[in-house]
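J.: For reference, the file model37.pdb (PDB, C-alpha atoms (C1' of nucleotides)) is included below:
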ATOM      1  CA  MET A   1      50.290  44.916 -43.390
ATOM      2  CA  LYS A   2      53.477  45.596 -41.617
ATOM      3  CA  LEU A   3      54.595  47.337 -38.505
ATOM      4  CA  ASN A   4      57.326  49.874 -39.146
ATOM      5  CA  THR A   5      60.642  49.875 -37.356
ATOM      6  CA  LYS A   6      60.165  53.287 -35.863
ATOM      7  CA  SER A   7      57.316  52.348 -33.612
ATOM      8  CA  ARG A   8      58.797  48.955 -32.948
ATOM      9  CA  TYR A   9      62.087  50.483 -31.888
ATOM     10  CA  ALA A  10      60.265  53.044 -29.808
ATOM     11  CA  VAL A  11      58.555  50.353 -27.806
ATOM     12  CA  MET A  12      61.797  48.413 -27.482
ATOM     13  CA  ALA A  13      63.706  51.438 -26.286
ATOM     14  CA  LEU A  14      61.055  52.436 -23.797
ATOM     15  CA  ALA A  15      60.818  48.907 -22.495
ATOM     16  CA  ASP A  16      64.573  48.971 -22.072
ATOM     17  CA  MET A  17      64.408  52.252 -20.172
ATOM     18  CA  SER A  18      61.672  51.093 -17.905
ATOM     19  CA  LYS A  19      64.022  48.494 -16.447
ATOM     20  CA  PHE A  20      66.030  51.221 -14.813
ATOM     21  CA  PRO A  21      65.164  53.256 -11.750
ATOM     22  CA  ILE A  22      62.877  56.086 -12.707
ATOM     23  CA  ASN A  23      64.531  59.532 -12.697
ATOM     24  CA  ASN A  24      67.783  57.918 -13.654
ATOM     25  CA  PRO A  25      68.568  59.286 -17.126
ATOM     26  CA  VAL A  26      69.258  56.602 -19.677
ATOM     27  CA  SER A  27      71.388  57.715 -22.591
ATOM     28  CA  LEU A  28      70.436  56.878 -26.143
ATOM     29  CA  ARG A  29      73.976  55.633 -26.633
ATOM     30  CA  ASP A  30      73.386  52.907 -24.082
ATOM     31  CA  ILE A  31      70.036  51.949 -25.514
ATOM     32  CA  SER A  32      71.588  51.927 -28.953
ATOM     33  CA  LEU A  33      74.243  49.463 -27.809
ATOM     34  CA  ARG A  34      71.929  47.227 -25.848
ATOM     35  CA  GLN A  35      69.173  47.044 -28.415
ATOM     36  CA  SER A  36      71.304  47.340 -31.546
ATOM     37  CA  ILE A  37      69.442  50.314 -32.890
ATOM     38  CA  SER A  38      71.235  53.086 -34.723
ATOM     39  CA  LEU A  39      71.888  55.996 -32.392
ATOM     40  CA  LEU A  40      70.919  58.556 -35.002
ATOM     41  CA  TYR A  41      67.689  56.772 -35.635
ATOM     42  CA  LEU A  42      66.951  56.657 -31.932
ATOM     43  CA  GLU A  43      67.463  60.388 -31.696
ATOM     44  CA  GLN A  44      64.806  60.888 -34.307
ATOM     45  CA  ILE A  45      62.445  58.620 -32.448
ATOM     46  CA  PHE A  46      63.000  60.163 -29.033
ATOM     47  CA  LEU A  47      62.436  63.625 -30.332
ATOM     48  CA  LYS A  48      58.904  62.579 -31.100
ATOM     49  CA  LEU A  49      58.456  60.762 -27.835
ATOM     50  CA  LYS A  50      59.532  63.907 -26.065
ATOM     51  CA  LYS A  51      57.186  66.134 -27.992
ATOM     52  CA  ASN A  52      54.399  63.813 -27.006
ATOM     53  CA  ASP A  53      55.143  63.946 -23.324
ATOM     54  CA  ILE A  54      56.204  60.370 -22.951
ATOM     55  CA  VAL A  55      59.791  61.088 -21.978
ATOM     56  CA  LYS A  56      61.722  64.107 -20.883
ATOM     57  CA  SER A  57      65.329  64.863 -21.627
ATOM     58  CA  VAL A  58      68.274  65.678 -19.399
ATOM     59  CA  ARG A  59      71.046  67.373 -21.300
ATOM     60  CA  GLY A  60      74.738  67.371 -20.706
ATOM     61  CA  THR A  61      77.133  64.794 -19.319
ATOM     62  CA  ASN A  62      75.386  61.862 -17.696
ATOM     63  CA  GLY A  63      72.241  63.076 -19.280
ATOM     64  CA  GLY A  64      69.764  61.050 -21.208
ATOM     65  CA  TYR A  65      66.064  60.435 -21.249
ATOM     66  CA  VAL A  66      63.700  59.750 -18.417
ATOM     67  CA  LEU A  67      60.199  58.337 -18.558
ATOM     68  CA  LYS A  68      57.782  61.106 -17.793
ATOM     69  CA  ARG A  69      55.298  58.777 -16.181
ATOM     70  CA  ASP A  70      55.157  55.408 -14.535
ATOM     71  CA  PRO A  71      55.243  52.573 -17.110
ATOM     72  CA  LYS A  72      51.892  51.498 -15.715
ATOM     73  CA  ASN A  73      50.415  54.719 -17.052
ATOM     74  CA  ILE A  74      51.908  54.667 -20.520
ATOM     75  CA  LYS A  75      49.650  53.088 -23.056
ATOM     76  CA  LEU A  76      51.171  51.636 -26.178
ATOM     77  CA  SER A  77      48.630  53.555 -28.193
ATOM     78  CA  GLU A  78      50.286  56.753 -27.026
ATOM     79  CA  ILE A  79      53.641  55.565 -28.274
ATOM     80  CA  PHE A  80      52.226  54.732 -31.660
ATOM     81  CA  GLN A  81      50.458  58.022 -31.901
ATOM     82  CA  ALA A  82      53.649  59.822 -31.003
ATOM     83  CA  LEU A  83      55.305  58.321 -34.050
ATOM     84  CA  ASP A  84      52.425  59.175 -36.370
ATOM     85  CA  GLN A  85      51.999  55.481 -36.739
ATOM     86  CA  LYS A  86      48.329  55.264 -37.391
ATOM     87  CA  VAL A  87      46.535  52.142 -38.311
ATOM     88  CA  LYS A  88      45.331  53.097 -41.737
ATOM     89  CA  THR A  89      43.172  50.671 -43.531
ATOM     90  CA  VAL A  90      41.675  52.859 -46.223
ATOM     91  CA  GLY A  91      42.893  55.699 -48.354
ATOM     92  CA  CYS A  92      39.670  57.657 -48.405
ATOM     93  CA  LYS A  93      38.768  59.977 -45.595
ATOM     94  CA  LYS A  94      36.038  58.999 -43.233
ATOM     95  CA  ASP A  95      33.799  61.969 -43.717
ATOM     96  CA  SER A  96      34.728  63.312 -47.116
ATOM     97  CA  LYS A  97      31.783  64.413 -49.171
ATOM     98  CA  LYS A  98      32.916  63.317 -52.558
ATOM     99  CA  GLY A  99      34.175  59.865 -53.232
ATOM    100  CA  CYS A 100      33.829  57.448 -50.419
ATOM    101  CA  ASN A 101      31.589  58.097 -47.501
ATOM    102  CA  GLY A 102      30.869  54.565 -46.446
ATOM    103  CA  LYS A 103      27.740  54.374 -48.526
ATOM    104  CA  SER A 104      28.970  54.892 -52.068
ATOM    105  CA  ALA A 105      29.634  52.196 -54.599
ATOM    106  CA  LYS A 106      33.337  52.565 -54.175
ATOM    107  CA  CYS A 107      33.505  51.688 -50.576
ATOM    108  CA  ILE A 108      31.193  48.784 -50.150
ATOM    109  CA  THR A 109      33.622  47.451 -47.593
ATOM    110  CA  HIS A 110      34.327  50.680 -45.798
ATOM    111  CA  GLU A 111      32.622  49.653 -42.600
ATOM    112  CA  LEU A 112      34.794  46.608 -42.408
ATOM    113  CA  TRP A 113      38.009  48.615 -42.499
ATOM    114  CA  ASP A 114      36.741  51.009 -39.914
ATOM    115  CA  GLU A 115      35.921  48.103 -37.715
ATOM    116  CA  LEU A 116      39.397  46.674 -38.194
ATOM    117  CA  GLU A 117      40.984  49.981 -37.312
ATOM    118  CA  ILE A 118      39.043  50.184 -34.112
ATOM    119  CA  TYR A 119      39.856  46.588 -33.340
ATOM    120  CA  ILE A 120      43.607  47.100 -33.712
ATOM    121  CA  ASN A 121      43.667  50.393 -31.886
ATOM    122  CA  ASN A 122      41.888  48.646 -29.095
ATOM    123  CA  PHE A 123      44.815  46.273 -28.723
ATOM    124  CA  PHE A 124      47.240  49.113 -28.169
ATOM    125  CA  GLU A 125      44.833  50.990 -25.998
ATOM    126  CA  ASN A 126      44.721  48.153 -23.531
ATOM    127  CA  LYS A 127      48.437  47.499 -23.304
ATOM    128  CA  LYS A 128      50.663  49.382 -20.942
ATOM    129  CA  LEU A 129      54.406  49.690 -21.133
ATOM    130  CA  SER A 130      54.553  47.885 -17.812
ATOM    131  CA  ASP A 131      52.840  44.885 -19.333
ATOM    132  CA  LEU A 132      55.925  44.043 -21.310
ATOM    133  CA  SER A 133      58.829  45.381 -19.384
ATOM    134  CA  LEU A 134      58.097  43.530 -16.200
ATOM    135  CA  THR A 135      57.537  40.098 -17.596
ATOM    136  CA  LYS A 136      61.111  39.429 -18.616
ATOM    137  CA  GLY A 137      64.036  39.204 -16.256
ATOM    138  CA  ASP A 138      66.926  40.391 -18.359
ATOM    139  CA  ILE A 139      67.343  43.076 -20.920
TER     140      ILE A 139
ATOM    141  CA  MET B 140      50.639  50.022 -40.414
ATOM    142  CA  LYS B 141      48.688  50.068 -43.580
ATOM    143  CA  LEU B 142      46.510  47.728 -45.531
ATOM    144  CA  ASN B 143      47.550  47.415 -49.149
ATOM    145  CA  THR B 144      45.233  48.034 -52.029
ATOM    146  CA  LYS B 145      45.537  44.533 -53.408
ATOM    147  CA  SER B 146      43.827  42.833 -50.526
ATOM    148  CA  ARG B 147      41.438  45.717 -50.083
ATOM    149  CA  TYR B 148      40.411  45.559 -53.711
ATOM    150  CA  ALA B 149      40.133  41.792 -53.505
ATOM    151  CA  VAL B 150      37.620  42.040 -50.708
ATOM    152  CA  MET B 151      35.748  44.809 -52.513
ATOM    153  CA  ALA B 152      35.573  42.825 -55.721
ATOM    154  CA  LEU B 153      34.463  39.654 -54.025
ATOM    155  CA  ALA B 154      31.846  41.518 -52.053
ATOM    156  CA  ASP B 155      30.633  42.968 -55.323
ATOM    157  CA  MET B 156      30.443  39.526 -56.893
ATOM    158  CA  SER B 157      28.602  38.024 -53.998
ATOM    159  CA  LYS B 158      25.658  40.322 -54.719
ATOM    160  CA  PHE B 159      24.926  38.408 -57.876
ATOM    161  CA  PRO B 160      23.363  34.990 -58.217
ATOM    162  CA  ILE B 161      25.953  32.320 -57.702
ATOM    163  CA  ASN B 162      27.028  30.518 -60.878
ATOM    164  CA  ASN B 163      26.389  33.705 -62.798
ATOM    165  CA  PRO B 164      29.816  34.720 -64.129
ATOM    166  CA  VAL B 165      30.733  38.297 -63.291
ATOM    167  CA  SER B 166      33.265  39.862 -65.629
ATOM    168  CA  LEU B 167      36.215  41.785 -64.312
ATOM    169  CA  ARG B 168      35.293  44.557 -66.686
ATOM    170  CA  ASP B 169      32.014  45.060 -64.848
ATOM    171  CA  ILE B 170      33.634  44.943 -61.439
ATOM    172  CA  SER B 171      36.243  47.367 -62.693
ATOM    173  CA  LEU B 172      33.564  49.833 -63.723
ATOM    174  CA  ARG B 173      31.428  49.477 -60.640
ATOM    175  CA  GLN B 174      34.233  49.631 -58.119
ATOM    176  CA  SER B 175      36.590  51.918 -60.029
ATOM    177  CA  ILE B 176      39.481  49.536 -59.921
ATOM    178  CA  SER B 177      41.864  49.195 -62.853
ATOM    179  CA  LEU B 178      40.925  46.195 -64.958
ATOM    180  CA  LEU B 179      44.527  45.126 -65.374
ATOM    181  CA  TYR B 180      45.068  45.300 -61.674
ATOM    182  CA  LEU B 181      41.969  43.224 -61.047
ATOM    183  CA  GLU B 182      43.261  40.585 -63.408
ATOM    184  CA  GLN B 183      46.371  40.277 -61.324
ATOM    185  CA  ILE B 184      44.333  39.964 -58.180
ATOM    186  CA  PHE B 185      41.907  37.394 -59.533
ATOM    187  CA  LEU B 186      44.684  35.202 -60.767
ATOM    188  CA  LYS B 187      45.715  34.762 -57.180
ATOM    189  CA  LEU B 188      42.179  34.290 -55.957
ATOM    190  CA  LYS B 189      41.771  31.582 -58.548
ATOM    191  CA  LYS B 190      44.973  29.822 -57.603
ATOM    192  CA  ASN B 191      43.740  29.779 -54.060
ATOM    193  CA  ASP B 192      40.414  28.208 -54.853
ATOM    194  CA  ILE B 193      38.300  31.175 -53.933
ATOM    195  CA  VAL B 194      36.919  31.783 -57.405
ATOM    196  CA  LYS B 195      36.810  29.887 -60.660
ATOM    197  CA  SER B 196      36.944  31.330 -64.128
ATOM    198  CA  VAL B 197      34.662  30.975 -67.118
ATOM    199  CA  ARG B 198      36.340  31.946 -70.349
ATOM    200  CA  GLY B 199      34.914  33.388 -73.481
ATOM    201  CA  THR B 200      32.033  35.693 -74.226
ATOM    202  CA  ASN B 201      29.755  36.196 -71.255
ATOM    203  CA  GLY B 202      32.445  34.638 -69.172
ATOM    204  CA  GLY B 203      33.849  35.983 -65.962
ATOM    205  CA  TYR B 204      34.525  34.757 -62.494
ATOM    206  CA  VAL B 205      32.315  32.804 -60.148
ATOM    207  CA  LEU B 206      32.666  32.316 -56.417
ATOM    208  CA  LYS B 207      33.755  28.775 -55.785
ATOM    209  CA  ARG B 208      31.928  28.591 -52.486
ATOM    210  CA  ASP B 209      29.075  30.210 -50.681
ATOM    211  CA  PRO B 210      30.067  33.622 -49.242
ATOM    212  CA  LYS B 211      29.168  32.205 -45.854
ATOM    213  CA  ASN B 212      32.074  29.814 -46.188
ATOM    214  CA  ILE B 213      34.720  32.239 -47.367
ATOM    215  CA  LYS B 214      36.769  33.644 -44.541
ATOM    216  CA  LEU B 215      38.492  36.963 -45.044
ATOM    217  CA  SER B 216      41.676  35.364 -43.773
ATOM    218  CA  GLU B 217      41.658  33.167 -46.873
ATOM    219  CA  ILE B 218      41.452  36.191 -49.121
ATOM    220  CA  PHE B 219      44.363  37.821 -47.407
ATOM    221  CA  GLN B 220      46.417  34.687 -47.553
ATOM    222  CA  ALA B 221      45.674  34.360 -51.244
ATOM    223  CA  LEU B 222      47.292  37.728 -51.823
ATOM    224  CA  ASP B 223      50.350  36.905 -49.703
ATOM    225  CA  GLN B 224      49.182  39.642 -47.467
ATOM    226  CA  LYS B 225      50.495  38.491 -44.142
ATOM    227  CA  VAL B 226      50.319  40.468 -40.982
ATOM    228  CA  LYS B 227      53.991  40.952 -40.267
ATOM    229  CA  THR B 228      54.961  42.683 -37.106
ATOM    230  CA  VAL B 229      58.618  41.753 -36.789
ATOM    231  CA  GLY B 230      61.471  41.258 -39.169
ATOM    232  CA  CYS B 231      63.177  38.431 -37.323
ATOM    233  CA  LYS B 232      62.059  34.862 -37.711
ATOM    234  CA  LYS B 233      60.189  33.275 -34.915
ATOM    235  CA  ASP B 234      62.525  30.350 -34.294
ATOM    236  CA  SER B 235      65.849  31.487 -35.662
ATOM    237  CA  LYS B 236      68.760  30.464 -33.496
ATOM    238  CA  LYS B 237      70.912  33.496 -33.845
ATOM    239  CA  GLY B 238      69.605  36.963 -33.287
ATOM    240  CA  CYS B 239      66.123  37.122 -31.997
ATOM    241  CA  ASN B 240      64.447  34.214 -30.350
ATOM    242  CA  GLY B 241      62.073  36.048 -28.094
ATOM    243  CA  LYS B 242      64.471  35.955 -25.177
ATOM    244  CA  SER B 243      67.502  37.852 -26.451
ATOM    245  CA  ALA B 244      68.284  41.446 -25.726
ATOM    246  CA  LYS B 245      67.248  42.447 -29.181
ATOM    247  CA  CYS B 246      63.709  41.297 -28.961
ATOM    248  CA  ILE B 247      62.550  42.256 -25.564
ATOM    249  CA  THR B 248      59.212  43.011 -27.102
ATOM    250  CA  HIS B 249      58.950  39.999 -29.342
ATOM    251  CA  GLU B 250      56.127  38.376 -27.441
ATOM    252  CA  LEU B 251      54.078  41.499 -27.850
ATOM    253  CA  TRP B 252      54.313  41.465 -31.626
ATOM    254  CA  ASP B 253      53.464  37.823 -31.796
ATOM    255  CA  GLU B 254      50.436  38.516 -29.706
ATOM    256  CA  LEU B 255      49.416  41.349 -31.998
ATOM    257  CA  GLU B 256      49.769  39.161 -35.058
ATOM    258  CA  ILE B 257      47.529  36.531 -33.569
ATOM    259  CA  TYR B 258      45.065  39.179 -32.526
ATOM    260  CA  ILE B 259      44.775  40.663 -36.007
ATOM    261  CA  ASN B 260      44.638  37.331 -37.762
ATOM    262  CA  ASN B 261      41.858  36.442 -35.429
ATOM    263  CA  PHE B 262      39.799  39.306 -36.793
ATOM    264  CA  PHE B 263      40.025  38.023 -40.332
ATOM    265  CA  GLU B 264      39.519  34.469 -39.261
ATOM    266  CA  ASN B 265      36.151  35.311 -37.783
ATOM    267  CA  LYS B 266      34.828  37.360 -40.671
ATOM    268  CA  LYS B 267      33.074  35.804 -43.597
ATOM    269  CA  LEU B 268      32.492  37.363 -46.971
ATOM    270  CA  SER B 269      28.783  37.118 -46.262
ATOM    271  CA  ASP B 270      29.213  39.329 -43.211
ATOM    272  CA  LEU B 271      29.804  42.332 -45.406
ATOM    273  CA  SER B 272      28.027  41.668 -48.633
ATOM    274  CA  LEU B 273      24.619  41.203 -47.142
ATOM    275  CA  THR B 274      24.514  44.188 -44.874
ATOM    276  CA  LYS B 275      24.304  46.775 -47.630
ATOM    277  CA  GLY B 276      21.492  47.135 -50.057
ATOM    278  CA  ASP B 277      23.155  48.555 -53.125
ATOM    279  CA  ILE B 278      26.465  48.063 -54.799
TER     280      ILE B 278
ATOM    281  C1'  DT C 279      34.435  30.555 -89.392
ATOM    282  C1'  DG C 280      35.689  34.701 -87.658
ATOM    283  C1'  DA C 281      35.084  38.442 -84.647
ATOM    284  C1'  DA C 282      34.311  39.804 -80.096
ATOM    285  C1'  DT C 283      34.668  38.905 -75.374
ATOM    286  C1'  DA C 284      37.101  37.770 -71.445
ATOM    287  C1'  DC C 285      40.496  35.191 -68.960
ATOM    288  C1'  DT C 286      46.164  34.212 -68.627
ATOM    289  C1'  DT C 287      50.753  35.349 -67.597
ATOM    290  C1'  DG C 288      55.174  37.307 -66.940
ATOM    291  C1'  DA C 289      57.729  41.330 -67.178
ATOM    292  C1'  DC C 290      58.165  45.996 -66.599
ATOM    293  C1'  DT C 291      57.921  50.799 -64.454
ATOM    294  C1'  DA C 292      56.719  54.856 -61.726
ATOM    295  C1'  DT C 293      55.659  56.325 -57.325
ATOM    296  C1'  DT C 294      55.677  56.232 -52.555
ATOM    297  C1'  DT C 295      57.211  54.842 -48.228
ATOM    298  C1'  DT C 296      60.603  53.351 -45.154
ATOM    299  C1'  DA C 297      64.780  53.210 -42.895
ATOM    300  C1'  DG C 298      68.453  55.321 -41.821
ATOM    301  C1'  DT C 299      72.388  58.972 -42.372
ATOM    302  C1'  DC C 300      74.545  63.571 -42.253
ATOM    303  C1'  DG C 301      75.840  67.895 -40.589
ATOM    304  C1'  DG C 302      75.736  71.278 -37.813
ATOM    305  C1'  DG C 303      73.922  72.814 -33.864
ATOM    306  C1'  DT C 304      72.867  73.710 -28.046
ATOM    307  C1'  DA C 305      72.997  72.653 -23.010
ATOM    308  C1'  DT C 306      75.301  70.946 -18.940
ATOM    309  C1'  DA C 307      78.328  68.461 -15.619
ATOM    310  C1'  DT C 308      82.875  67.991 -14.136
TER     311       DT C 308
ATOM    312  C1'  DA D 309      87.362  73.948 -21.407
ATOM    313  C1'  DT D 310      85.891  69.919 -22.976
ATOM    314  C1'  DA D 311      83.458  65.848 -23.351
ATOM    315  C1'  DT D 312      78.968  64.129 -23.246
ATOM    316  C1'  DA D 313      74.525  63.917 -24.848
ATOM    317  C1'  DC D 314      70.396  65.989 -26.514
ATOM    318  C1'  DC D 315      68.337  68.847 -30.783
ATOM    319  C1'  DC D 316      66.690  69.295 -35.484
ATOM    320  C1'  DG D 317      66.037  69.731 -40.419
ATOM    321  C1'  DA D 318      67.412  67.964 -44.639
ATOM    322  C1'  DC D 319      68.869  64.374 -47.294
ATOM    323  C1'  DT D 320      69.291  59.619 -49.626
ATOM    324  C1'  DA D 321      69.294  54.679 -50.716
ATOM    325  C1'  DA D 322      66.572  50.816 -50.864
ATOM    326  C1'  DA D 323      62.455  48.395 -50.761
ATOM    327  C1'  DA D 324      57.587  47.911 -51.353
ATOM    328  C1'  DT D 325      53.505  49.183 -53.698
ATOM    329  C1'  DA D 326      50.453  50.199 -57.296
ATOM    330  C1'  DG D 327      49.588  49.759 -61.576
ATOM    331  C1'  DT D 328      50.693  49.093 -66.827
ATOM    332  C1'  DC D 329      52.026  46.561 -71.005
ATOM    333  C1'  DA D 330      52.344  43.105 -74.359
ATOM    334  C1'  DA D 331      51.287  39.107 -76.151
ATOM    335  C1'  DG D 332      48.820  35.570 -75.633
ATOM    336  C1'  DT D 333      44.490  31.449 -75.166
ATOM    337  C1'  DA D 334      39.667  29.804 -74.781
ATOM    338  C1'  DT D 335      34.800  30.314 -75.747
ATOM    339  C1'  DT D 336      30.562  32.087 -77.521
ATOM    340  C1'  DC D 337      27.650  33.803 -80.921
ATOM    341  C1'  DA D 338      26.358  35.695 -85.371
TER     342       DA D 338
END
Is it possible to express this structure as C-alpha cells?
T.:
Amino acid sequence: MKLNTKSRYAVMALADMSKFPINNPVSLRDISLRQSISLLYLEQIFLKLKKNDIVKSVRGTNGGYVLKRDPKNIKLSEIFQALDQKVKTVGCKKDSKKGCNGKSAKCITHELWDELEIYINNFFENKKLSDLSLTKGDI
Amino acid sequence: MKLNTKSRYAVMALADMSKFPINNPVSLRDISLRQSISLLYLEQIFLKLKKNDIVKSVRGTNGGYVLKRDPKNIKLSEIFQALDQKVKTVGCKKDSKKGCNGKSAKCITHELWDELEIYINNFFENKKLSDLSLTKGDI
DNA sequence: TGAATACTTGACTATTTTAGTCGGGTATAT
DNA sequence: ATATACCCGACTAAAATAGTCAAGTATTCA
C-alpha cells in the first residue's frame, strides 16, 4: 500500500504555491527548483490540477499557475481525485452482478475493504490545503 | 494507493479458516477452491503467516493449517505485517540526516504523510479477524 | 510399505504500474 | 521578435506485483 509520487508531488507543489500571495502566478520552473521535482513531471501534474479546477494558468512571460480558490477551501481529497488517485482496495466492482457483490464466496471480506476505503477517503476529505501550508514557516 | 492481492488473499483465507472449528486443519487446496485463489500463491502466503505465528501447519494426509490463536486475538495489522505489507506514504526515511527530515524544503508535507500512515495503521490495529468472520453466515 | 496427501522452499517469469522523458506545439509580456 | 512558460499526447525504463515451477519433505492410511 503505497502513495504514488504524482499525488504526493501535487500536494507538495500546491503547498509551496500557497505560501505566495494569491493571484501571483508561480511558475512550475520555480516550484521544480524549490521542491526538486522534475519540471516535465510537474507539467503533467498541473495539467490535471487545472482540468479539475484547482488551479488556473497564466501563460506567457511571468506567467505560471495560480490557486483557483483559497487554500482553506481546497480539500486534499480533491487533489487526489484530480490525479485519478483513488484508494482502491479491491479489484472487483462494487455493484457488478457476476463475481463479487459483497455476498458471494469470493468476497467474504468485501465489506472490510469498503470500510477501509471510506475510512481513508475520510482522512483526505477532512484535510484542507491550508492545514499544511500554514503550519511551517519556511518553504 | 492500492491494496495488494497478497494481503487481501491472506485476510480472505484466514477469514475462511476461522469459520471452521479450531484445531481442525484446513487444507490450502480447500481454501483455494472455495475462495478461487491459486493454490501455489496461497502456499507462498501461508509460509509467511506461519513464520509470523499466525497459523501452524499440520503435515500429511488430512493435514492443513490451523489458526494459532483465537480469531478474537488476531489483529489485521499482524496479518499485514506478516506479508511485509507496510503502509508507505513517503520514499524518504523518517530520520535521515540528509534530504528529508520533515523540516527541509523537500518535505514540506512530510508531517501529513506520517499522520496518514498512523491513521491507516490504526484501522488495522483495531480490527480483529473475528470482526469479519462472524458477521457473515456462509462462506 | 508404499501411495496419496499436503506442507516447504527458492527461483523464475509475465504482466502491470509507476515514474519520468521527449518532442513539438501555443499564448503572452516586454 | 524573442524569451518565457503553459499545453499535450506519446513514449520508455524500471520497479513492483501476481503468479508459476520444480523439486522437495513429512504424515497418514490402506
J.: Kindly provide the residues of chain B that approach chain D to within 6 Å, each paired with its closest atom pair and their distance in Å to one decimal, based on all atoms listed in the file, listed by chain and increasing number, as CSV.
T.:
residue,atom,partner,partner_atom,distance
B:Arg198,CA,D:DT335,C1',5.8
B:Gly199,CA,D:DT335,C1',3.8
B:Thr200,CA,D:DT336,C1',5.1
J.: Report, in Å with one decimal, the straight-line distance from atom CA of Pro71 of chain A to atom CA of Phe124 of chain A.
T.: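 Going from atom CA of Pro71 of chain A over to atom CA of Phe124 of chain A, I get 14.1 Å.
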J.: Interatomic distance between atom CA of Asn4 of chain A and atom CA of Leu132 of chain A?
T.: 18.8 Å
J.: Could you write out as a list in words the residues of chain C within 9 Å of chain A, counting all atoms listed in the file?
T.: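 Close enough to count are DT296, DA297, DG298, DT299, DA305, DT306, DA307 and DT308 of chain C.
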J.: Select all residues from chain A having any atom no more than 7 Å from an atom of chain B (counting all atoms listed in the file, ignoring ligands), output as a ChimeraX atom specification.
T.: /A:1-4,12,34-36,85-89,105-106,108-109,120,132,139
J.: Find the distance between atom CA of Glu182 of chain B and atom CA of Val205 of chain B and write it in Å to one decimal.
T.: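 Computing it gives 13.8 Å between the two atoms.
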J.: Run the PyMOL selection byres ((chain B and resi 186-192) around 10) mentally over the shown coordinates, then write out the matched residues as a list in words, using the chain letters and numbers from the document.
T.: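 Matching residues under the PyMOL selection byres ((chain B and resi 186-192) around 10) are Ala149, Leu153, Leu181, Glu182, Gln183, Ile184, Phe185, Ile193, Val194, Lys195, Ser196, Tyr204, Val205, Leu206, Lys207, Arg208, Glu217, Ile218, Phe219, Gln220, Ala221, Leu222 and Asp223 of chain B; DC285, DT286 and DT287 of chain C.
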J.: Please produce an output containing C-alpha atoms (C1' of nucleotides) for each residue in the selection, written as a PDB file, in the coordinates of the input.
T.:
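File produced: selection01.pdb:
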ATOM      1  CA  ALA B 149      40.133  41.792 -53.505  1.00  0.00           C
ATOM      2  CA  LEU B 153      34.463  39.654 -54.025  1.00  0.00           C
ATOM      3  CA  LEU B 181      41.969  43.224 -61.047  1.00  0.00           C
ATOM      4  CA  GLU B 182      43.261  40.585 -63.408  1.00  0.00           C
ATOM      5  CA  GLN B 183      46.371  40.277 -61.324  1.00  0.00           C
ATOM      6  CA  ILE B 184      44.333  39.964 -58.180  1.00  0.00           C
ATOM      7  CA  PHE B 185      41.907  37.394 -59.533  1.00  0.00           C
ATOM      8  CA  ILE B 193      38.300  31.175 -53.933  1.00  0.00           C
ATOM      9  CA  VAL B 194      36.919  31.783 -57.405  1.00  0.00           C
ATOM     10  CA  LYS B 195      36.810  29.887 -60.660  1.00  0.00           C
ATOM     11  CA  SER B 196      36.944  31.330 -64.128  1.00  0.00           C
ATOM     12  CA  TYR B 204      34.525  34.757 -62.494  1.00  0.00           C
ATOM     13  CA  VAL B 205      32.315  32.804 -60.148  1.00  0.00           C
ATOM     14  CA  LEU B 206      32.666  32.316 -56.417  1.00  0.00           C
ATOM     15  CA  LYS B 207      33.755  28.775 -55.785  1.00  0.00           C
ATOM     16  CA  ARG B 208      31.928  28.591 -52.486  1.00  0.00           C
ATOM     17  CA  GLU B 217      41.658  33.167 -46.873  1.00  0.00           C
ATOM     18  CA  ILE B 218      41.452  36.191 -49.121  1.00  0.00           C
ATOM     19  CA  PHE B 219      44.363  37.821 -47.407  1.00  0.00           C
ATOM     20  CA  GLN B 220      46.417  34.687 -47.553  1.00  0.00           C
ATOM     21  CA  ALA B 221      45.674  34.360 -51.244  1.00  0.00           C
ATOM     22  CA  LEU B 222      47.292  37.728 -51.823  1.00  0.00           C
ATOM     23  CA  ASP B 223      50.350  36.905 -49.703  1.00  0.00           C
TER      24      ASP B 223
ATOM     25  C1'  DC C 285      40.496  35.191 -68.960  1.00  0.00           C
ATOM     26  C1'  DT C 286      46.164  34.212 -68.627  1.00  0.00           C
ATOM     27  C1'  DT C 287      50.753  35.349 -67.597  1.00  0.00           C
TER      28       DT C 287
END
